[in-house]
file entry.cif (mmCIF, C-alpha atoms)
data_protein
loop_
_atom_site.label_atom_id
_atom_site.label_comp_id
_atom_site.auth_asym_id
_atom_site.auth_seq_id
_atom_site.Cartn_x
_atom_site.Cartn_y
_atom_site.Cartn_z
CA MET Q 114 6.97 -3.88 -7.28
CA ASN Q 115 6.38 -1.22 -4.63
CA PRO Q 116 3.13 0.63 -5.45
CA ILE Q 117 4.74 3.94 -4.53
CA LYS Q 118 7.64 3.40 -6.98
CA TRP Q 119 5.14 2.27 -9.59
CA ILE Q 120 3.44 5.65 -9.76
CA PHE Q 121 6.64 7.32 -10.92
CA TYR Q 122 6.55 5.42 -14.22
CA PRO Q 123 5.93 8.09 -16.90
CA ARG Q 124 3.38 5.97 -18.76
CA TYR Q 125 1.06 6.13 -15.75
CA LEU Q 126 1.18 9.92 -15.69
CA ASP Q 127 -2.43 10.48 -16.77
CA VAL Q 128 -3.75 7.51 -14.74
CA ILE Q 129 -2.11 8.46 -11.45
CA TRP Q 130 -0.54 11.89 -11.36
CA VAL Q 131 -3.25 14.00 -12.96
CA PRO Q 132 -6.09 12.62 -10.76
CA LEU Q 133 -3.78 12.69 -7.73
CA LEU Q 134 -3.00 16.37 -8.25
CA ILE Q 135 -6.71 17.16 -8.72
CA VAL Q 136 -7.51 15.27 -5.50
CA ILE Q 137 -4.75 17.06 -3.56
CA VAL Q 138 -5.99 20.50 -4.69
CA PHE Q 139 -9.61 19.48 -3.90
CA VAL Q 140 -8.66 18.27 -0.41
CA ILE Q 141 -6.66 21.43 0.39
CA VAL Q 142 -9.52 23.71 -0.75
CA MET Q 143 -12.03 21.68 1.31
CA PHE Q 144 -9.77 21.84 4.41
CA ILE Q 145 -9.43 25.60 4.14
CA LEU Q 146 -13.18 26.09 3.66
CA SER Q 147 -14.02 23.75 6.56
CA TYR Q 148 -11.57 25.64 8.80
CA ILE Q 149 -13.16 28.97 7.85
CA PHE Q 150 -16.69 27.65 8.51
CA VAL Q 151 -15.73 26.23 11.92
CA LYS Q 152 -14.02 29.51 12.83
CA ILE Q 153 -17.15 31.49 11.84
CA GLU Q 154 -19.38 29.10 13.81
CA LEU Q 155 -17.18 29.37 16.91
CA ASN Q 156 -17.20 33.17 16.66
CA ASN Q 157 -21.01 33.11 16.43
CA ILE Q 158 -21.22 30.84 19.49
CA ASN Q 159 -18.96 33.15 21.51
CA LYS Q 160 -20.97 36.16 20.39
CA ASP Q 161 -24.27 34.49 21.41
CA ARG Q 162 -22.80 33.53 24.79
CA LYS Q 163 -21.64 37.09 25.47
CA GLU Q 164 -25.05 38.47 24.48
CA LYS Q 165 -26.75 36.01 26.85
CA GLU Q 166 -24.42 37.00 29.69
CA VAL Q 167 -25.15 40.69 29.11
CA LYS Q 168 -28.91 39.96 29.10
CA ASN Q 169 -28.64 37.95 32.33
CA GLU Q 170 -26.69 40.74 34.02
CA LYS Q 171 -29.42 43.23 33.06
CA MET C 278 -30.47 -6.18 29.04
CA LYS C 279 -33.61 -4.34 30.18
CA LYS C 280 -31.67 -1.09 30.17
CA ILE C 281 -30.41 -1.70 26.63
CA LYS C 282 -33.98 -2.42 25.55
CA SER C 283 -35.11 0.87 27.07
CA VAL C 284 -32.50 2.73 25.00
CA LEU C 285 -33.51 0.82 21.85
CA LYS C 286 -37.09 1.99 22.41
CA SER C 287 -36.26 5.60 23.30
CA PRO C 288 -38.14 8.46 21.58
CA ASN C 289 -37.34 8.90 17.88
CA ILE C 290 -34.76 6.08 17.91
CA ILE C 291 -36.48 4.97 14.70
CA THR C 292 -34.44 7.62 12.83
CA GLY C 293 -31.34 5.64 13.82
CA TYR C 294 -32.83 2.41 12.44
CA LEU C 295 -33.99 4.14 9.22
CA TYR C 296 -30.57 5.59 8.61
CA PHE C 297 -28.92 2.31 9.62
CA TYR C 298 -30.53 0.78 6.53
CA ILE C 299 -29.77 3.77 4.28
CA HIS C 300 -26.15 3.84 5.44
CA PHE C 301 -25.91 0.08 4.89
CA VAL C 302 -27.18 0.37 1.29
CA VAL C 303 -24.94 3.36 0.51
CA GLU C 304 -21.84 1.45 1.60
CA VAL C 305 -22.96 -1.69 -0.27
CA LEU C 306 -23.14 0.30 -3.52
CA CYS C 307 -19.85 2.12 -2.98
CA PHE C 308 -17.84 -0.92 -1.93
CA PHE C 309 -19.38 -3.01 -4.70
CA VAL C 310 -17.86 -0.56 -7.21
CA LEU C 311 -14.54 -0.37 -5.36
CA ALA C 312 -14.29 -4.17 -5.18
CA ARG C 313 -15.06 -4.47 -8.91
CA VAL C 314 -12.49 -1.81 -9.88
CA VAL C 315 -9.69 -2.53 -7.42
CA GLY C 316 -10.11 -6.18 -6.40
CA ASP C 317 -7.02 -7.17 -4.43
CA SER C 318 -4.58 -5.13 -6.51
CA PRO C 319 -2.21 -3.00 -4.42
CA PHE C 320 -1.33 -0.97 -7.54
CA LEU C 321 -4.76 0.61 -7.89
CA TRP C 322 -4.53 2.46 -4.54
CA MET C 323 -5.39 5.72 -6.33
CA VAL C 324 -9.02 4.57 -6.69
CA PRO C 325 -9.82 4.13 -2.95
CA PHE C 326 -7.73 7.23 -2.21
CA LEU C 327 -9.86 9.31 -4.59
CA TYR C 328 -13.03 7.76 -3.16
CA ASP C 329 -11.98 8.51 0.45
CA ALA C 330 -11.08 12.11 -0.45
CA VAL C 331 -14.39 12.82 -2.20
CA ALA C 332 -16.57 10.92 0.27
CA PHE C 333 -14.98 12.12 3.55
CA VAL C 334 -13.47 15.58 3.12
CA PRO C 335 -16.37 17.69 1.74
CA GLN C 336 -18.80 16.53 4.45
CA GLY C 337 -17.95 19.59 6.58
CA ILE C 338 -18.91 21.96 3.75
CA ILE C 339 -22.02 19.95 2.84
CA GLY C 340 -22.93 19.79 6.53
CA CYS C 341 -22.55 23.55 6.93
CA PHE C 342 -24.73 24.09 3.85
CA SER C 343 -27.33 21.69 5.26
CA ASP C 344 -27.29 23.47 8.65
CA LYS C 345 -27.91 26.84 6.98
CA PHE C 346 -30.48 25.62 4.44
CA PRO C 347 -32.47 22.86 6.18
CA LYS C 348 -35.18 22.90 3.53
CA VAL C 349 -32.82 21.58 0.84
CA LYS C 350 -33.29 17.82 0.64
CA ILE C 351 -29.68 16.75 0.69
CA GLY C 352 -30.68 13.12 1.24
CA PHE C 353 -32.24 13.03 -2.22
CA ILE C 354 -29.35 14.97 -3.79
CA GLY C 355 -27.08 12.30 -2.31
CA LEU C 356 -29.16 9.39 -3.53
CA SER C 357 -29.37 10.89 -7.05
CA LEU C 358 -25.60 11.38 -7.21
CA LEU C 359 -25.01 7.91 -5.82
CA LEU C 360 -27.22 6.28 -8.44
CA VAL C 361 -25.82 8.40 -11.29
CA GLY C 362 -22.27 7.43 -10.33
CA PHE C 363 -23.26 3.79 -9.92
CA ILE C 364 -25.04 3.61 -13.29
CA LEU C 365 -22.19 5.45 -15.07
CA PHE C 366 -19.84 2.81 -13.70
CA GLY C 367 -22.15 -0.12 -14.47
CA MET C 368 -22.87 1.03 -18.04
CA ASN C 369 -19.20 1.87 -18.68
CA PHE C 370 -19.96 5.50 -19.55
CA GLY C 371 -16.86 7.73 -19.55
CA ASN C 372 -14.02 7.63 -17.08
CA ALA C 373 -14.16 5.29 -14.05
CA TYR C 374 -12.60 8.03 -11.89
CA VAL C 375 -15.50 10.38 -12.69
CA ALA C 376 -18.06 7.70 -11.78
CA ILE C 377 -16.27 7.01 -8.48
CA ALA C 378 -16.03 10.73 -7.68
CA ILE C 379 -19.79 11.18 -8.24
CA LEU C 380 -20.46 8.05 -6.17
CA GLY C 381 -18.27 9.38 -3.34
CA LEU C 382 -20.03 12.74 -3.41
CA GLY C 383 -23.42 11.00 -3.19
CA ASN C 384 -22.12 9.03 -0.22
CA ALA C 385 -21.02 12.30 1.45
CA PHE C 386 -24.45 13.97 1.02
CA LEU C 387 -26.27 10.93 2.42
CA HIS C 388 -23.95 10.70 5.42
CA VAL C 389 -24.56 14.35 6.27
CA ASP C 390 -28.32 13.88 5.96
CA GLY C 391 -28.10 10.86 8.28
CA ALA C 392 -26.15 12.88 10.83
CA GLU C 393 -28.57 15.82 10.62
CA VAL C 394 -31.62 13.61 11.07
CA THR C 395 -30.30 11.40 13.88
CA LEU C 396 -28.61 14.19 15.86
CA ARG C 397 -31.53 16.61 15.59
CA THR C 398 -34.09 14.00 16.67
CA SER C 399 -32.02 12.42 19.45
CA GLY C 400 -32.71 14.92 22.24
CA GLY C 401 -29.04 14.95 23.18
CA LYS C 402 -28.58 11.16 23.21
CA LEU C 403 -25.85 9.26 21.39
CA SER C 404 -27.64 6.01 20.50
CA HIS C 405 -29.50 7.42 17.47
CA SER C 406 -26.37 8.51 15.63
CA ALA C 407 -24.42 5.46 16.87
CA ILE C 408 -26.99 3.08 15.34
CA PHE C 409 -26.91 5.10 12.09
CA VAL C 410 -23.10 5.00 11.93
CA SER C 411 -22.90 1.27 12.69
CA GLY C 412 -24.82 0.37 9.50
CA GLY C 413 -21.77 1.32 7.44
CA SER C 414 -19.56 -1.54 8.67
CA PHE C 415 -22.13 -4.15 7.65
CA GLY C 416 -22.52 -2.39 4.28
CA VAL C 417 -18.77 -2.32 3.60
CA ILE C 418 -18.32 -6.07 3.96
CA THR C 419 -21.56 -6.87 2.08
CA GLY C 420 -20.50 -4.57 -0.79
CA LYS C 421 -17.04 -6.13 -0.93
CA LEU C 422 -18.49 -9.64 -1.06
CA LEU C 423 -21.09 -8.74 -3.71
CA GLY C 424 -18.40 -6.97 -5.76
CA THR C 425 -16.43 -10.20 -6.05
CA SER C 426 -19.56 -12.21 -6.93
CA ASN C 427 -21.50 -12.41 -10.20
CA VAL C 428 -24.49 -10.43 -9.01
CA SER C 429 -25.88 -8.01 -11.61
CA PHE C 430 -25.39 -4.33 -10.87
CA TRP C 431 -29.07 -3.68 -11.66
CA VAL C 432 -29.99 -5.62 -8.52
CA LEU C 433 -28.02 -3.06 -6.57
CA VAL C 434 -29.71 -0.18 -8.41
CA VAL C 435 -33.02 -1.57 -7.09
CA LEU C 436 -31.46 -1.84 -3.62
CA GLY C 437 -30.42 1.82 -3.90
CA LEU C 438 -33.94 2.85 -4.93
CA SER C 439 -35.37 0.95 -1.94
CA THR C 440 -33.91 3.67 0.34
CA ILE C 441 -36.33 6.34 -0.98
CA PRO C 442 -39.18 5.63 1.51
CA PHE C 443 -36.63 5.41 4.33
CA ILE C 444 -35.19 8.85 3.46
CA ILE C 445 -38.69 10.36 3.23
CA LEU C 446 -39.72 8.88 6.57
CA ALA C 447 -36.50 9.90 8.35
CA ASN C 448 -36.87 13.49 7.10
CA MET C 449 -40.49 13.55 8.27
CA TYR C 450 -39.30 12.82 11.80
CA ARG C 451 -36.75 15.60 11.47
CA LYS C 452 -39.42 18.05 10.30
CA GLU C 453 -41.70 17.02 13.16
CA ILE C 454 -39.04 17.72 15.78
CA ASN C 455 -38.05 20.97 14.00
CA THR C 456 -34.94 21.96 15.93
CA GLU C 457 -33.44 23.94 13.04
CA GLU C 458 -33.08 27.19 14.96
CA GLU C 459 -32.50 25.75 18.41
CA GLU C 460 -29.30 24.59 20.02
CA LEU C 461 -29.04 20.80 20.28
CA GLU C 462 -29.14 19.35 23.76
CA PHE C 463 -25.67 17.82 23.57
CA ASP C 464 -23.67 18.90 26.59
CA TYR C 465 -20.79 16.50 27.07
CA ALA C 466 -17.79 18.78 26.58
CA SER C 467 -15.78 20.09 29.54
CA LYS C 468 -14.96 23.75 30.01
CA VAL C 469 -11.93 23.64 27.69
CA SER C 470 -12.31 26.16 24.83
CA GLY C 471 -14.48 25.02 21.90
CA GLY C 472 -11.67 25.24 19.34
CA TRP C 473 -9.43 22.96 21.41
CA ILE C 474 -12.23 20.42 21.95
CA ILE C 475 -12.84 20.20 18.19
CA LEU C 476 -9.12 19.94 17.45
CA LEU C 477 -8.49 17.24 20.08
CA ALA C 478 -11.63 15.25 19.16
CA VAL C 479 -10.60 15.32 15.48
CA PHE C 480 -7.12 14.19 16.56
CA VAL C 481 -8.66 11.20 18.43
CA VAL C 482 -10.71 10.28 15.34
CA MET C 483 -7.59 10.58 13.22
CA VAL C 484 -5.47 8.41 15.49
CA ARG C 485 -8.15 5.75 15.79
CA GLY C 486 -8.74 5.89 12.03
CA TYR C 487 -5.06 5.14 11.47
CA MET C 488 -4.92 2.50 14.21
CA GLY C 489 -7.96 0.77 12.70
CA TYR C 490 -5.85 -0.23 9.70
CA GLY C 491 -3.02 -1.53 11.86
CA LEU C 492 -4.95 -3.68 14.33
CA PRO C 493 -3.11 -6.98 14.82
CA THR C 494 -5.47 -9.49 13.20
CA SER C 495 -3.23 -12.17 11.70
CA TRP C 496 -6.06 -14.65 12.46
CA ASN C 497 -8.11 -13.02 9.70
CA LYS C 498 -7.54 -15.29 6.70
CA SER C 499 -10.96 -16.40 5.44
CA VAL C 500 -14.08 -14.63 4.20
CA ILE C 501 -16.17 -15.65 7.19
CA GLN C 502 -13.51 -14.29 9.58
CA THR C 503 -13.55 -10.95 7.69
CA ILE C 504 -17.35 -10.88 8.04
CA PHE C 505 -16.99 -11.42 11.81
CA LEU C 506 -14.43 -8.61 11.98
CA TYR C 507 -16.70 -6.08 10.25
CA CYS C 508 -19.72 -7.21 12.30
CA ALA C 509 -17.72 -6.65 15.51
CA MET C 510 -16.83 -3.15 14.28
CA GLY C 511 -20.48 -2.34 13.50
CA LEU C 512 -21.75 -3.76 16.76
CA GLY C 513 -19.07 -1.88 18.72
CA LYS C 514 -20.04 1.45 17.12
CA ALA C 515 -23.71 0.94 18.03
CA LEU C 516 -22.98 -0.31 21.56
CA GLY C 517 -20.66 2.66 22.16
CA GLY C 518 -23.58 5.07 21.80
CA ILE C 519 -26.02 2.89 23.72
CA PHE C 520 -23.66 2.31 26.68
CA ALA C 521 -22.65 5.99 26.70
CA ASP C 522 -26.33 6.92 27.11
CA LEU C 523 -26.73 4.33 29.89
CA TYR C 524 -23.54 4.66 31.90
CA GLY C 525 -22.02 8.01 30.91
CA VAL C 526 -19.94 9.28 28.04
CA LYS C 527 -16.70 9.76 29.98
CA LYS C 528 -16.84 6.33 31.61
CA ILE C 529 -17.47 4.52 28.33
CA GLY C 530 -14.98 6.61 26.33
CA ILE C 531 -12.13 5.92 28.74
CA LEU C 532 -13.05 2.34 29.69
CA SER C 533 -13.59 1.14 26.12
CA SER C 534 -10.24 2.61 25.04
CA ILE C 535 -8.36 0.95 27.91
CA LEU C 536 -10.23 -2.38 27.80
CA ALA C 537 -9.60 -2.73 24.06
CA LEU C 538 -5.84 -2.85 24.64
CA PRO C 539 -5.29 -6.28 26.26
CA PHE C 540 -7.81 -7.97 23.95
CA LEU C 541 -6.25 -6.47 20.82
CA LEU C 542 -2.69 -7.24 21.86
CA CYS C 543 -3.40 -10.80 23.03
CA GLY C 544 -5.78 -11.54 20.17
CA ASP C 545 -3.37 -11.37 17.27
CA LYS C 546 -3.85 -15.09 16.65
CA LEU C 547 -7.09 -15.67 18.59
CA MET C 548 -10.19 -14.53 16.74
CA VAL C 549 -12.67 -14.38 19.62
CA VAL C 550 -10.33 -12.43 21.91
CA SER C 551 -9.47 -10.05 19.09
CA LEU C 552 -13.14 -9.49 18.20
CA VAL C 553 -13.85 -8.40 21.78
CA GLY C 554 -10.97 -5.92 21.43
CA VAL C 555 -12.32 -4.62 18.11
CA LEU C 556 -15.76 -4.24 19.72
CA PHE C 557 -14.34 -2.07 22.52
CA PHE C 558 -12.09 -0.22 20.08
CA SER C 559 -15.05 0.83 17.90
CA MET C 560 -17.07 2.19 20.82
CA THR C 561 -15.50 5.66 20.84
CA MET C 562 -16.85 6.60 17.38
CA SER C 563 -20.07 8.22 18.57
CA ILE C 564 -18.36 9.76 21.62
CA THR C 565 -16.06 11.95 19.52
CA LEU C 566 -19.04 13.02 17.41
CA ALA C 567 -21.05 13.92 20.52
CA LEU C 568 -18.11 16.00 21.81
CA ILE C 569 -17.89 18.08 18.63
CA VAL C 570 -21.69 18.52 18.54
CA SER C 571 -21.50 19.71 22.16
CA VAL C 572 -19.43 22.63 20.86
CA LEU C 573 -21.13 23.22 17.49
CA LYS C 574 -24.64 22.89 18.91
CA LYS C 575 -26.29 24.70 16.01
CA GLY C 576 -24.31 22.87 13.35
CA PRO C 577 -24.60 19.09 13.61
CA GLY C 578 -23.83 18.71 9.90
CA LEU C 579 -20.59 20.67 10.22
CA ALA C 580 -19.73 18.72 13.40
CA PHE C 581 -20.21 15.39 11.63
CA GLY C 582 -18.04 16.66 8.76
CA MET C 583 -15.22 17.34 11.22
CA THR C 584 -15.17 13.68 12.28
CA THR C 585 -15.00 12.47 8.68
CA ILE C 586 -12.12 14.87 7.97
CA GLY C 587 -10.37 13.22 10.93
CA LEU C 588 -11.08 9.79 9.46
CA PHE C 589 -9.63 10.84 6.11
CA LEU C 590 -6.50 12.29 7.74
CA GLY C 591 -6.11 9.04 9.69
CA SER C 592 -6.45 6.93 6.57
CA VAL C 593 -4.02 8.96 4.38
CA PRO C 594 -0.77 7.61 5.93
CA VAL C 595 -2.03 4.04 5.39
CA PHE C 596 -1.83 4.54 1.60
CA PHE C 597 1.87 5.36 1.83
CA PHE C 598 3.21 3.84 5.02
CA LYS C 599 2.29 0.89 7.24
CA PHE C 600 3.82 -0.74 10.29
CA ASN C 601 4.13 -4.36 9.34
CA THR C 602 5.45 -6.05 12.47
CA PHE C 603 3.36 -7.06 15.48
CA LEU C 604 5.73 -5.27 17.86
CA SER C 605 5.68 -1.91 16.04
CA ASN C 606 1.89 -2.11 15.68
CA SER C 607 1.49 -2.91 19.38
CA ILE C 608 3.71 0.00 20.45
CA ILE C 609 1.73 2.40 18.24
CA ILE C 610 -1.59 1.10 19.64
CA VAL C 611 -0.48 1.36 23.30
CA VAL C 612 1.05 4.84 22.97
CA PHE C 613 -1.84 6.34 21.04
CA THR C 614 -4.47 4.71 23.25
CA PHE C 615 -2.98 6.42 26.30
CA ILE C 616 -2.85 9.74 24.46
CA CYS C 617 -6.56 9.31 23.52
CA VAL C 618 -7.46 8.42 27.13
CA LEU C 619 -5.71 11.55 28.42
CA ILE C 620 -7.54 13.66 25.83
CA PHE C 621 -10.91 12.12 26.81
CA LYS C 622 -10.13 12.80 30.47
CA LYS C 623 -9.46 16.44 29.67
CA ILE C 624 -12.27 17.26 27.23
CA ILE C 625 -15.26 15.20 28.43
CA LYS C 626 -17.48 16.61 31.15
CA GLU C 627 -17.76 14.53 34.34
CA ASP C 628 -20.52 11.87 34.15
CA GLY C 629 -23.56 12.59 36.23
CA THR C 630 -23.48 16.30 35.48
CA TYR C 631 -25.84 15.71 32.58
CA GLU C 632 -29.11 13.79 32.41
CA SER C 633 -28.87 10.11 31.39
CA TYR C 634 -31.32 7.21 31.23
#

call {"tool": "encode", "arguments": {"input": "entry.cif", "output": "structure tokens"}}
result
Amino acid sequence: MNPIKWIFYPRYLDVIWVPLLIVIVFVIVMFILSYIFVKIELNNINKDRKEKEVKNEK
Amino acid sequence: MKKIKSVLKSPNIITGYLYFYIHFVVEVLCFFVLARVVGDSPFLWMVPFLYDAVAFVPQGIIGCFSDKFPKVKIGFIGLSLLLVGFILFGMNFGNAYVAIAILGLGNAFLHVDGAEVTLRTSGGKLSHSAIFVSGGSFGVITGKLLGTSNVSFWVLVVLGLSTIPFIILANMYRKEINTEEEELEFDYASKVSGGWIILLAVFVVMVRGYMGYGLPTSWNKSVIQTIFLYCAMGLGKALGGIFADLYGVKKIGILSSILALPFLLCGDKLMVVSLVGVLFFSMTMSITLALIVSVLKKGPGLAFGMTTIGLFLGSVPVFFFKFNTFLSNSIIIVVFTFICVLIFKKIIKEDGTYESY
């Protein structure tokens, strides 16, 4: 039997679907947080670079 | 050979060796559990999927936390979680999913600590982190083999505990170098904007993560052949970093990608030829990491987490969809290799414009 078809059997609901939904939510939250952290880090890097350039010009 | 020896004796390379062992043990424990739970059943795909999600995806967040709070010993948090998960599984306490999730989380913490230690002590070289990363491949196959044997799980608990002095020693080296506030000396990225470099490097990791599952290896039918395959992967990852330090990141990134092609495509039924291809194929691992660190110079933990997110994204389609014929696999490998080569050409700085051995 195809493993993908197998997960649609109602008796495997708590074995497959509940953990799968938890994992999907967990992964999405982690992706969003990682994106935000990278964005913040990149903004900080750009800010530092601009400050350095201003200092060098002075 | 002399040149390779000089890299293997470079300053603080010991952190790579220390974390090679820790990484090896971590993967042994994790894949022991996975082999015991899943075996060869294709129906229990949810278990490795959950493990991959918990072990790979949060490494960016953990890495960011570790970058901001360097005094927190995340190596020991990781080891504690790993052992708790392992003992919960071994003693049959509660749900197996919970044990695997805790185990995966422990794995994630230890990986981030390994990345922090090896990248911060490397002085801008790739070999330290490449040697650390390569330990995983040897651990995966050892764990799988032990999981199908009768070995007691307590033996592996002792093996897990044996990493304590290694973690202490590795963190002492990190403390001694003390680069927490400074920018790391990685400078391999071209002048393309930082966001694009991260995005494209993660894309390369993703593509190669997916391709890794579809490599044509119909020769691989016995246990010993599987061992050879994983050893070639491990060796390739380590050599990628070492050669990149010796001959230049751009040269090795592009050459290893292109050279892997003929060996992989002609080695479907020839083990030795295929192993050479796998060796070349695995060499880009540390290069993508070095590229992201070149952008996130103050956040090696976050940078390492980005590569593992790429690996997870690359492995997700494999759970649901695989190319099963040699021709379709070959087309995918050729097309994506050329895309990766073009990306490397664009985002890696010209060799010789940075200091090498």

call {"tool": "resolve_selection", "arguments": {"input": "entry.cif", "expression": "the PyMOL selection byres ((chain Q) within 7 of (chain C))", "output": "JSON, numbers by chain"}}
result
{"Q": [116, 129, 136, 140, 143, 147]}

call {"tool": "resolve_selection", "arguments": {"input": "entry.cif", "expression": "the PyMOL selection byres ((chain C and resi 285) around 12)", "output": "PyMOL selection string"}}
result
chain C and resi 278-284+286-294+399+402-405+407-408+515-516+518-520+522-523+634

call {"tool": "write_last_selection", "arguments": {"input": "entry.cif", "atoms": "C-alpha atoms", "output": "PDB file, keeping the file's coordinate frame"}}
result
ATOM      1  CA  MET C 278     -30.470  -6.180  29.040  1.00  0.00           C
ATOM      2  CA  LYS C 279     -33.610  -4.340  30.180  1.00  0.00           C
ATOM      3  CA  LYS C 280     -31.670  -1.090  30.170  1.00  0.00           C
ATOM      4  CA  ILE C 281     -30.410  -1.700  26.630  1.00  0.00           C
ATOM      5  CA  LYS C 282     -33.980  -2.420  25.550  1.00  0.00           C
ATOM      6  CA  SER C 283     -35.110   0.870  27.070  1.00  0.00           C
ATOM      7  CA  VAL C 284     -32.500   2.730  25.000  1.00  0.00           C
ATOM      8  CA  LYS C 286     -37.090   1.990  22.410  1.00  0.00           C
ATOM      9  CA  SER C 287     -36.260   5.600  23.300  1.00  0.00           C
ATOM     10  CA  PRO C 288     -38.140   8.460  21.580  1.00  0.00           C
ATOM     11  CA  ASN C 289     -37.340   8.900  17.880  1.00  0.00           C
ATOM     12  CA  ILE C 290     -34.760   6.080  17.910  1.00  0.00           C
ATOM     13  CA  ILE C 291     -36.480   4.970  14.700  1.00  0.00           C
ATOM     14  CA  THR C 292     -34.440   7.620  12.830  1.00  0.00           C
ATOM     15  CA  GLY C 293     -31.340   5.640  13.820  1.00  0.00           C
ATOM     16  CA  TYR C 294     -32.830   2.410  12.440  1.00  0.00           C
ATOM     17  CA  SER C 399     -32.020  12.420  19.450  1.00  0.00           C
ATOM     18  CA  LYS C 402     -28.580  11.160  23.210  1.00  0.00           C
ATOM     19  CA  LEU C 403     -25.850   9.260  21.390  1.00  0.00           C
ATOM     20  CA  SER C 404     -27.640   6.010  20.500  1.00  0.00           C
ATOM     21  CA  HIS C 405     -29.500   7.420  17.470  1.00  0.00           C
ATOM     22  CA  ALA C 407     -24.420   5.460  16.870  1.00  0.00           C
ATOM     23  CA  ILE C 408     -26.990   3.080  15.340  1.00  0.00           C
ATOM     24  CA  ALA C 515     -23.710   0.940  18.030  1.00  0.00           C
ATOM     25  CA  LEU C 516     -22.980  -0.310  21.560  1.00  0.00           C
ATOM     26  CA  GLY C 518     -23.580   5.070  21.800  1.00  0.00           C
ATOM     27  CA  ILE C 519     -26.020   2.890  23.720  1.00  0.00           C
ATOM     28  CA  PHE C 520     -23.660   2.310  26.680  1.00  0.00           C
ATOM     29  CA  ASP C 522     -26.330   6.920  27.110  1.00  0.00           C
ATOM     30  CA  LEU C 523     -26.730   4.330  29.890  1.00  0.00           C
ATOM     31  CA  TYR C 634     -31.320   7.210  31.230  1.00  0.00           C
TER      32      TYR C 634
END

call {"tool": "resolve_selection", "arguments": {"input": "entry.cif", "expression": "the PyMOL selection byres ((chain C and resi 552) around 9)", "output": "ChimeraX atom specification"}}
result
/C:505-506,509-510,540-541,544,547-551,553-557

call {"tool": "residues_around", "arguments": {"input": "entry.cif", "residues": "stretch 349-358 of chain C", "least_positions_apart": "5", "cutoff": "8 Å", "atoms": "all atoms listed in the file", "output": "PyMOL selection string"}}
result
chain C and resi 343+379-380+382-387+389-391+437+441+444

call {"tool": "atom_distance", "arguments": {"input": "entry.cif", "atom1": "atom CA of C:Tyr487", "atom2": "atom CA of C:Arg397"}}
result
29.1 Å

call {"tool": "atom_distance", "arguments": {"input": "entry.cif", "atom1": "atom CA of C:Cys617", "atom2": "atom CA of C:Ser534"}}
result
7.8 Å

call {"tool": "atom_distance", "arguments": {"input": "entry.cif", "atom1": "atom CA of C:Lys528", "atom2": "atom CA of Q:Ile158"}}
result
27.7 Å

call {"tool": "residues_near_point", "arguments": {"input": "entry.cif", "point": "(-13.7, 3.3, -15.0)", "cutoff": "9 Å", "atoms": "all atoms listed in the file", "output": "MDAnalysis selection string"}}
result
chainID C and resid 314 365:366 369:377

call {"tool": "residues_around", "arguments": {"input": "entry.cif", "residues": "C:Leu436", "least_positions_apart": "6", "cutoff": "10 Å", "atoms": "only C-alpha atoms", "output": "number ranges by chain"}}
result
C: 299, 302-303, 305-306, 430

call {"tool": "residues_around", "arguments": {"input": "entry.cif", "residues": "C:Ser426", "least_positions_apart": "2", "cutoff": "12 Å", "atoms": "all atoms listed in the file", "output": "number ranges by chain"}}
result
C: 309-310, 312-313, 316, 419-424, 428-430
